[in-house]
Amino acid sequence: MSSSVTEPGYAAALSEAAAKLPDLVGEDLACRRGERIIFTGVSFRLPPGGALVLTGANGSGKSSLLRLVAGLLPAAAGQLSWGAAARAGEFATHHARLHYVGHQDALKPAMTPREMLAFWAALRGCPLPPAAPALAEALATFALDVVADWPCRWLSAGQRRRVALARLLAAPAALWLLDEPTTALDEASQARLEAAVARHRAAGGMVMVATHTPIALEGAMTLELDGFAPRFNLDPLFAG
Amino acid sequence: MAAFFGLFRRDLRLALRQGGDTGLVLAFFVLTVVLFPFGVGPEPEVLARVAPGILWVAALLAALLSLDRLFLPDYEDGGLDLVALSPLPLELAALAKCAAHWVATGLPLALISPALALVVDLEPRAIATLVASLLIGTPALSLIGGVAAALTLGARRQGVLLSLLVLPLYVPPLVFGASAVEAGALGMEPRVDLLLLSALTLAALPLCPWATAAALRQALE
């Protein structure tokens with residue numbers, strides 16, 4: 001396992017960003033899609049180095065909660081804050097602190113994994129030349145060295161997933177929001193992901209993971225979303 | 001700024017590498033223009049009279065052809081989420097994508113237009129005006145088209161809806177663009193029309209990315 005490959009550079013870059021970070025606090029969050037309320041009254045507190053695993057049946061709102069925390073969905077109620085400072089109004093700061101890996105891998109068939117990683121890093125404001133060590137390290141951590149210069153259309157589902165995950169390491173951010181990150185991953189790749197998450201947390205990073213499959217995260221808190229659906233949903237009235 | 005140019009360069013690279021988009025737009029432009037002599041007849045006087053309109057309408061339809069690809073691939077593969085989550089304001093991201101769209105479509109259209117001007121017997125003295133009017137006017141087509149492309153994201157039959165939305169908005173650039181070329185062909189001064197065309201592009205430059213970003217936010221929810 002390549003657990004020590006990214007150690008010095010990554011930890012230094014991250015701890016600089018994470019050093020002054022307060023806890024991420026969600027209070028009484030509610031989420032609405034259309035006329036349907038997915039969940040209400042969800043609260044959590046995620047300290048630096050912490051991990052929160054979201055579980056629940058299909059449709060219980062795991063992905064919605066992650067998108068809400070990312071700021072891609074507005075919260076119907078409640079608030080999300082870093083320590084005491086409300087997040088609202090400071091989307092740019094909030095976004096600079098987080099990585100979101102959703103269901104989709106966002107890979108372009110005509111570009112190579114190396115180009116995709118360089119582009120994503122540039123999009124986050126830290127341009128990397130194709131030969132940058134940070135890129136090589138991110139690719140090596142997820143064992144993508146061999147396919148790094150292939151067009152993404154040749155990659156398998158698991159390899160595509162690993163490229164999306166390598167994005168987490170190419171440009172450091174304190175909070176990782178992972179939506180079913182282990183989909184299509186084989187055992188060795190899942191172990192690589194777990195090692196990367198452990199290293200991230202050791203450096204003071206935070207992780208929120210929505211998952212169905214067991215994932216080894218030491219000392220992780222679990223948030224079961226099944227209990228937060230409202231008992232009465234008025235949607236039959238509105239949806240007709 | 002690194003993020004802006006990163007997005008611009010990536011879109012341009014994708015357009016060049018996939019090749020299809022630019023090639024398709026140019027081929028469509030050429031074929032539409034070539035159809036007119038067959039339909040209208042080969043008399044030079046008749047063709048020369050309608051040439052400015054033909055060239056501008058064909059360029060406009062060609063630019064329209066590639067608009068549905070502006071945001072749709074990013075929307076479908078989740079890349080738009082990442083763009084929205086980057087520190088780059090969505091307005092600037094929209095501008096970067098429209099700029100790349102223009103370099104991949106509007107610019108090549110303007111550059112090959114002199115060749116097509118010969119096909120429809122445009123007065124040779126109007127060719128410089130034709131190129132200038134397309135260079136000035138096609139950025140407005142990309143910017144206005146960006147708004148419609150973002151608004152129709154997630155709609156069924158996106159392409160058709162997009163055309164219905166965007167064609168009425170293309171009337172002002174068409175009017176001033178074609179009349180500039182016509183003035184050039186008649187040996188008159190096309191300056192006024194070109195200035196009005198520039199005004200359209202300059203107005204679209206700040207307004208359209210702003211509207212596009214609002215529509216993209218709507219689509220992302």
# chains A, B, ... in the order shown; residues from 1 in each chain; ligands from 1
>>> interface_residues(of="chain B", to="chain A", cutoff="6 Å", atoms="only C-alpha atoms", output="list in words")
Ala2, Ala3, Gly6, Asp77, Gly78, Gly79, Leu85, Ser86, Pro87 and Glu221 of chain B
>>> write_last_selection(atoms="N, CA and C atoms", output="compact mmCIF listing (two decimals), in the first residue's frame")
# COMPACT_ATOMS: atom_id res chain seq x y z
N ALA B 2 -6.77 31.97 -12.68
CA ALA B 2 -6.28 30.65 -13.10
C ALA B 2 -7.47 29.74 -13.40
N ALA B 3 -8.51 29.85 -12.57
CA ALA B 3 -9.68 29.01 -12.77
C ALA B 3 -10.40 29.38 -14.07
N GLY B 6 -8.34 28.18 -16.90
CA GLY B 6 -8.35 26.72 -16.87
C GLY B 6 -9.60 26.18 -17.53
N ASP B 77 -22.65 14.91 -16.81
CA ASP B 77 -21.61 14.10 -16.15
C ASP B 77 -21.23 14.63 -14.76
N GLY B 78 -21.97 15.60 -14.25
CA GLY B 78 -21.71 16.07 -12.90
C GLY B 78 -20.62 17.13 -12.83
N GLY B 79 -20.01 17.47 -13.97
CA GLY B 79 -18.95 18.47 -13.96
C GLY B 79 -19.45 19.85 -13.57
N LEU B 85 -18.99 24.51 -7.50
CA LEU B 85 -18.34 24.44 -6.19
C LEU B 85 -16.95 25.08 -6.19
N SER B 86 -16.48 25.49 -7.35
CA SER B 86 -15.16 26.11 -7.39
C SER B 86 -15.28 27.55 -6.91
N PRO B 87 -14.18 28.13 -6.47
CA PRO B 87 -14.23 29.52 -5.99
C PRO B 87 -14.55 30.51 -7.11
N GLU B 221 -30.19 22.76 -8.80
CA GLU B 221 -30.89 22.41 -7.55
C GLU B 221 -31.52 21.03 -7.57
>>> residues_around(residues="range 214-230 of chain A", least_positions_apart="6", cutoff="6 Å", atoms="only C-alpha atoms", output="compact mmCIF listing (two decimals) with N, CA and C atoms, in the first residue's frame")
# COMPACT_ATOMS: atom_id res chain seq x y z
N ILE A 38 -37.80 15.80 2.53
CA ILE A 38 -37.03 14.56 2.61
C ILE A 38 -36.66 14.27 4.07
N PHE A 39 -36.16 15.26 4.75
CA PHE A 39 -35.87 15.08 6.18
C PHE A 39 -35.99 16.42 6.88
N THR A 40 -36.22 16.37 8.18
CA THR A 40 -36.22 17.59 8.99
C THR A 40 -35.49 17.29 10.29
N ALA A 51 -15.07 12.08 11.42
CA ALA A 51 -15.70 11.44 10.27
C ALA A 51 -17.15 11.16 10.62
N LEU A 52 -18.02 11.40 9.65
CA LEU A 52 -19.44 11.16 9.87
C LEU A 52 -19.93 10.27 8.74
N VAL A 53 -20.48 9.13 9.12
CA VAL A 53 -21.00 8.20 8.11
C VAL A 53 -22.51 8.34 8.07
N LEU A 54 -23.05 8.62 6.90
CA LEU A 54 -24.50 8.73 6.74
C LEU A 54 -25.03 7.40 6.25
N THR A 55 -26.01 6.85 6.96
CA THR A 55 -26.62 5.61 6.51
C THR A 55 -28.12 5.83 6.39
N GLY A 56 -28.78 4.86 5.84
CA GLY A 56 -30.23 4.97 5.68
C GLY A 56 -30.66 4.31 4.39
N SER A 60 -33.61 8.12 1.66
CA SER A 60 -33.73 8.71 2.98
C SER A 60 -33.04 10.07 3.05
>>> residues_around(residues="range 181-196 of chain B", least_positions_apart="3", cutoff="7 Å", atoms="only C-alpha atoms", output="compact mmCIF listing (two decimals) with C-alpha atoms, in the first residue's frame")
# COMPACT_ATOMS: atom_id res chain seq x y z
CA PRO B 52 -25.63 39.57 -47.09
CA GLU B 123 -19.58 42.35 -53.99
CA ARG B 125 -15.61 45.29 -51.68
CA ALA B 126 -18.04 44.09 -48.97
CA THR B 129 -17.20 44.32 -43.87
CA LEU B 130 -18.62 40.79 -43.82
CA SER B 133 -19.47 42.17 -38.88
CA PHE B 176 -27.45 45.10 -37.98
CA GLY B 177 -25.01 42.49 -39.24
CA ALA B 178 -26.77 41.97 -42.55
CA ALA B 199 -23.12 47.92 -28.84
CA LEU B 200 -25.17 44.71 -28.86
>>> residues_around(residues="Leu168 in chain A", least_positions_apart="3", cutoff="10 Å", atoms="only C-alpha atoms", output="JSON, numbers by chain")
{"A": [98, 99, 100, 101, 117, 120, 121, 138, 163, 164, 165, 171, 172, 173, 174, 175, 176, 177, 178, 196, 197, 200]}
>>> closest_residue(among="B:Ala148, B:Ser163, B:Ser142, B:Trp210", to="Val103 in chain B", atoms="only C-alpha atoms")
B:Ser142
>>> select_by_dssp(residues="range 79-146 of chain B", states="alpha helix (DSSP H)", output="number ranges by chain")
B: 79-85, 90-101, 107-119, 127-146
>>> decode(residues="range 112-137 of chain B", atoms="N, CA and C atoms", output="PDB file, in the first residue's frame")
ATOM      1  N   ILE B 112     -13.916  31.701 -42.427  1.00  0.00           N
ATOM      2  CA  ILE B 112     -14.156  31.079 -43.739  1.00  0.00           C
ATOM      3  C   ILE B 112     -15.208  31.835 -44.545  1.00  0.00           C
ATOM      4  N   SER B 113     -15.816  32.874 -43.962  1.00  0.00           N
ATOM      5  CA  SER B 113     -16.896  33.557 -44.681  1.00  0.00           C
ATOM      6  C   SER B 113     -16.457  34.170 -46.020  1.00  0.00           C
ATOM      7  N   PRO B 114     -15.202  34.671 -46.178  1.00  0.00           N
ATOM      8  CA  PRO B 114     -14.847  35.224 -47.491  1.00  0.00           C
ATOM      9  C   PRO B 114     -14.979  34.196 -48.613  1.00  0.00           C
ATOM     10  N   ALA B 115     -14.624  32.942 -48.333  1.00  0.00           N
ATOM     11  CA  ALA B 115     -14.742  31.913 -49.362  1.00  0.00           C
ATOM     12  C   ALA B 115     -16.198  31.755 -49.788  1.00  0.00           C
ATOM     13  N   LEU B 116     -17.103  31.785 -48.791  1.00  0.00           N
ATOM     14  CA  LEU B 116     -18.516  31.595 -49.124  1.00  0.00           C
ATOM     15  C   LEU B 116     -19.113  32.828 -49.774  1.00  0.00           C
ATOM     16  N   ALA B 117     -18.518  33.992 -49.482  1.00  0.00           N
ATOM     17  CA  ALA B 117     -18.998  35.219 -50.127  1.00  0.00           C
ATOM     18  C   ALA B 117     -18.884  35.081 -51.643  1.00  0.00           C
ATOM     19  N   LEU B 118     -17.842  34.385 -52.103  1.00  0.00           N
ATOM     20  CA  LEU B 118     -17.666  34.189 -53.543  1.00  0.00           C
ATOM     21  C   LEU B 118     -18.769  33.295 -54.107  1.00  0.00           C
ATOM     22  N   VAL B 119     -19.185  32.297 -53.317  1.00  0.00           N
ATOM     23  CA  VAL B 119     -20.217  31.366 -53.787  1.00  0.00           C
ATOM     24  C   VAL B 119     -21.518  32.100 -54.088  1.00  0.00           C
ATOM     25  N   VAL B 120     -21.859  33.090 -53.264  1.00  0.00           N
ATOM     26  CA  VAL B 120     -23.128  33.796 -53.472  1.00  0.00           C
ATOM     27  C   VAL B 120     -22.919  35.158 -54.133  1.00  0.00           C
ATOM     28  N   ASP B 121     -21.741  35.350 -54.747  1.00  0.00           N
ATOM     29  CA  ASP B 121     -21.518  36.558 -55.551  1.00  0.00           C
ATOM     30  C   ASP B 121     -21.644  37.857 -54.772  1.00  0.00           C
ATOM     31  N   LEU B 122     -21.181  37.849 -53.555  1.00  0.00           N
ATOM     32  CA  LEU B 122     -21.176  39.106 -52.799  1.00  0.00           C
ATOM     33  C   LEU B 122     -20.160  40.047 -53.439  1.00  0.00           C
ATOM     34  N   GLU B 123     -20.515  41.346 -53.480  1.00  0.00           N
ATOM     35  CA  GLU B 123     -19.580  42.354 -53.992  1.00  0.00           C
ATOM     36  C   GLU B 123     -18.242  42.205 -53.273  1.00  0.00           C
ATOM     37  N   PRO B 124     -17.126  42.083 -54.002  1.00  0.00           N
ATOM     38  CA  PRO B 124     -15.835  41.878 -53.334  1.00  0.00           C
ATOM     39  C   PRO B 124     -15.506  42.978 -52.330  1.00  0.00           C
ATOM     40  N   ARG B 125     -15.975  44.217 -52.609  1.00  0.00           N
ATOM     41  CA  ARG B 125     -15.606  45.291 -51.684  1.00  0.00           C
ATOM     42  C   ARG B 125     -16.301  45.143 -50.325  1.00  0.00           C
ATOM     43  N   ALA B 126     -17.326  44.253 -50.250  1.00  0.00           N
ATOM     44  CA  ALA B 126     -18.042  44.087 -48.974  1.00  0.00           C
ATOM     45  C   ALA B 126     -17.454  42.968 -48.126  1.00  0.00           C
ATOM     46  N   ILE B 127     -16.441  42.262 -48.674  1.00  0.00           N
ATOM     47  CA  ILE B 127     -15.944  41.091 -47.942  1.00  0.00           C
ATOM     48  C   ILE B 127     -15.319  41.488 -46.608  1.00  0.00           C
ATOM     49  N   ALA B 128     -14.567  42.568 -46.609  1.00  0.00           N
ATOM     50  CA  ALA B 128     -13.952  43.011 -45.348  1.00  0.00           C
ATOM     51  C   ALA B 128     -15.034  43.346 -44.323  1.00  0.00           C
ATOM     52  N   THR B 129     -16.106  44.002 -44.786  1.00  0.00           N
ATOM     53  CA  THR B 129     -17.202  44.322 -43.870  1.00  0.00           C
ATOM     54  C   THR B 129     -17.870  43.053 -43.351  1.00  0.00           C
ATOM     55  N   LEU B 130     -18.006  42.061 -44.237  1.00  0.00           N
ATOM     56  CA  LEU B 130     -18.623  40.792 -43.823  1.00  0.00           C
ATOM     57  C   LEU B 130     -17.830  40.164 -42.676  1.00  0.00           C
ATOM     58  N   VAL B 131     -16.514  40.074 -42.871  1.00  0.00           N
ATOM     59  CA  VAL B 131     -15.672  39.457 -41.836  1.00  0.00           C
ATOM     60  C   VAL B 131     -15.750  40.283 -40.551  1.00  0.00           C
ATOM     61  N   ALA B 132     -15.676  41.602 -40.696  1.00  0.00           N
ATOM     62  CA  ALA B 132     -15.726  42.456 -39.503  1.00  0.00           C
ATOM     63  C   ALA B 132     -17.055  42.279 -38.778  1.00  0.00           C
ATOM     64  N   SER B 133     -18.165  42.260 -39.537  1.00  0.00           N
ATOM     65  CA  SER B 133     -19.472  42.166 -38.884  1.00  0.00           C
ATOM     66  C   SER B 133     -19.618  40.818 -38.178  1.00  0.00           C
ATOM     67  N   LEU B 134     -19.077  39.754 -38.781  1.00  0.00           N
ATOM     68  CA  LEU B 134     -19.177  38.446 -38.121  1.00  0.00           C
ATOM     69  C   LEU B 134     -18.279  38.401 -36.882  1.00  0.00           C
ATOM     70  N   LEU B 135     -17.087  39.002 -36.995  1.00  0.00           N
ATOM     71  CA  LEU B 135     -16.194  39.019 -35.829  1.00  0.00           C
ATOM     72  C   LEU B 135     -16.834  39.789 -34.678  1.00  0.00           C
ATOM     73  N   ILE B 136     -17.517  40.860 -35.003  1.00  0.00           N
ATOM     74  CA  ILE B 136     -18.137  41.673 -33.944  1.00  0.00           C
ATOM     75  C   ILE B 136     -19.423  41.032 -33.442  1.00  0.00           C
ATOM     76  N   GLY B 137     -20.188  40.437 -34.356  1.00  0.00           N
ATOM     77  CA  GLY B 137     -21.526  39.969 -33.999  1.00  0.00           C
ATOM     78  C   GLY B 137     -21.585  38.579 -33.406  1.00  0.00           C
TER      79      GLY B 137
END
